[in-house]
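J.: Pasting in a structure now, in structure tokens, and then I'll have a few things to ask.
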Amino acid sequence: QEPYSIITVSSGEEAIGILNRSDVDLIVCDYTMPGPTAIETFKLVRKRWPHIVRILMTGHYDTEALVEAVKNGEAYRFVQKPWNDEELIITIRQALERAGLQDEVRRLADEVDRCKAQISEMQKSSSSVR
């Protein structure tokens with residue numbers, strides 16, 4: 001049992017509505033869901049919520065489009081249907097670990113920027129003391 005909260009929706013529009021109101025770490029979309037395609041939804045999600053990890057599920061085998069979506073950063077990975085439960089759980093776990101690492105990198109980069117600003121202020125202060 002994984003400690004995940006799961007929200008299900010039936011369309012890209014509904015997913016965007018949820019994302020506007022909720023804090024979400026990861027989304028899994030079906031390639032052929034109603035409304036905007038999963039790729040169109042992922043493009044919007046990537047633009048507005050770049051921290052959200054996106055996994056594409058598909059029963060179709062247009063591998064060129066799937067590989068392109070991953071290569072372009074629209075999707076973290078794609079999972080073929082029917083999926084293996086254990087494989088899906090591993091993919092989700094890896095995706096969330098990656099998201100956690102990205103959050104840590106952002107936090108550390110912000111900390112480095114704050115330290116640089118403090119050093120710069122200290123240098124200005126010390127040069128005016130001389």
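Residues are named by chain letter and number: chains run A, B, ... in the order of the structure tokens, numbers start at 1 in each chain, and ligands are numbered from 1 in the order shown.
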Do you have, as a tab-separated table, the list of residues of range 69-114 of chain A lying at most 8 Å from range 42-61 of chain A, each with its nearest atom pair and that distance in Å to one decimal, counting only C-alpha atoms and ordered by chain then number?

T.:
```
residue	atom	partner	partner_atom	distance
A:Glu74	CA	A:Phe42	CA	5.6
A:Ala75	CA	A:Arg54	CA	4.9
A:Tyr76	CA	A:Arg54	CA	5.4
A:Arg77	CA	A:Ile55	CA	5.2
A:Phe78	CA	A:Leu56	CA	4.4
A:Val79	CA	A:Met57	CA	4.8
A:Gln80	CA	A:Thr58	CA	5.1
A:Lys81	CA	A:Gly59	CA	4.6
A:Pro82	CA	A:Gly59	CA	6.9
A:Ala95	CA	A:Val53	CA	6.5
A:Leu96	CA	A:Val53	CA	7.4
A:Ala99	CA	A:Val53	CA	6.7
A:Gln102	CA	A:His51	CA	7.9
A:Asp103	CA	A:His51	CA	7.9
```

J.: To test your reading of the structure, identify every residue in chain A that backbone DSSP assigns to strand (DSSP E or B), and report it as a short mmCIF file (atom, residue, chain, number, x, y, z; two decimals) with N, CA and C atoms, in the first residue's frame.

T.:
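What landed in result-v1.cif:
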```
data_model
loop_
_atom_site.label_atom_id
_atom_site.label_comp_id
_atom_site.auth_asym_id
_atom_site.auth_seq_id
_atom_site.Cartn_x
_atom_site.Cartn_y
_atom_site.Cartn_z
N LEU A 26 1.72 14.87 -9.11
CA LEU A 26 1.87 14.00 -10.27
C LEU A 26 0.52 13.80 -10.93
N ILE A 27 0.51 13.75 -12.26
CA ILE A 27 -0.72 13.40 -12.97
C ILE A 27 -0.42 12.27 -13.95
N VAL A 28 -1.42 11.41 -14.10
CA VAL A 28 -1.37 10.32 -15.07
C VAL A 28 -2.56 10.54 -15.99
N CYS A 29 -2.30 10.69 -17.28
CA CYS A 29 -3.38 10.92 -18.26
C CYS A 29 -3.37 9.85 -19.32
N ASP A 30 -4.56 9.50 -19.77
CA ASP A 30 -4.70 8.59 -20.90
C ASP A 30 -4.48 9.37 -22.18
N VAL A 53 4.82 16.35 -12.13
CA VAL A 53 5.33 15.28 -12.98
C VAL A 53 4.16 14.70 -13.77
N ARG A 54 4.42 14.43 -15.05
CA ARG A 54 3.36 13.98 -15.96
C ARG A 54 3.70 12.61 -16.54
N ILE A 55 2.78 11.65 -16.36
CA ILE A 55 2.94 10.30 -16.90
C ILE A 55 1.80 10.05 -17.87
N LEU A 56 2.15 9.54 -19.03
CA LEU A 56 1.19 9.29 -20.10
C LEU A 56 0.89 7.80 -20.19
N MET A 57 -0.40 7.45 -20.18
CA MET A 57 -0.81 6.05 -20.36
C MET A 57 -1.39 5.90 -21.75
N THR A 58 -1.10 4.80 -22.37
CA THR A 58 -1.62 4.60 -23.72
C THR A 58 -1.79 3.14 -24.06
N ARG A 77 7.34 9.98 -18.46
CA ARG A 77 7.41 8.65 -19.06
C ARG A 77 6.05 8.30 -19.64
N PHE A 78 6.02 7.23 -20.41
CA PHE A 78 4.73 6.69 -20.81
C PHE A 78 4.65 5.24 -20.38
N VAL A 79 3.42 4.81 -20.09
CA VAL A 79 3.15 3.46 -19.63
C VAL A 79 2.15 2.84 -20.60
N GLN A 80 2.47 1.66 -21.10
CA GLN A 80 1.59 0.97 -22.04
C GLN A 80 0.44 0.30 -21.29
#
```

J.: Which polymer residues have any atom within 12 Å of an atom of Thr8 in chain A, counting only C-alpha atoms, with same-chain residues fewer than 2 positions away left out, as a PyMOL selection string?

T.: chain A and resi 5-6+10-12+14-19+27-30

J.: Tell me which of A:Ile119, A:Gly100, A:Asp113, A:Tyr31 sits closest to Asp62 in chain A, counting only C-alpha atoms.

T.: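 Closest to Asp62 in chain A of all the choices is A:Tyr31.
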
J.: With DSSP run on the backbone, what are the alpha helix (DSSP H) residues within range 23-60 of chain A? I'd like them as a PyMOL selection string.

T.: chain A and resi 38-48

J.: Those selected residues, please, written with C-alpha atoms and delivered as a CSV table (one decimal), in the first residue's frame.

T.:
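again35.csv written:
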```
chain,number,residue,atom,x,y,z
A,38,ALA,CA,-3.2,14.3,-22.9
A,39,ILE,CA,-0.3,16.0,-24.8
A,40,GLU,CA,-2.2,19.3,-25.0
A,41,THR,CA,-3.1,19.0,-21.3
A,42,PHE,CA,0.5,18.2,-20.5
A,43,LYS,CA,1.7,21.3,-22.4
A,44,LEU,CA,-0.6,23.5,-20.4
A,45,VAL,CA,0.4,21.8,-17.1
A,46,ARG,CA,4.1,22.1,-18.0
A,47,LYS,CA,3.7,25.9,-18.6
A,48,ARG,CA,1.5,26.7,-15.5
```
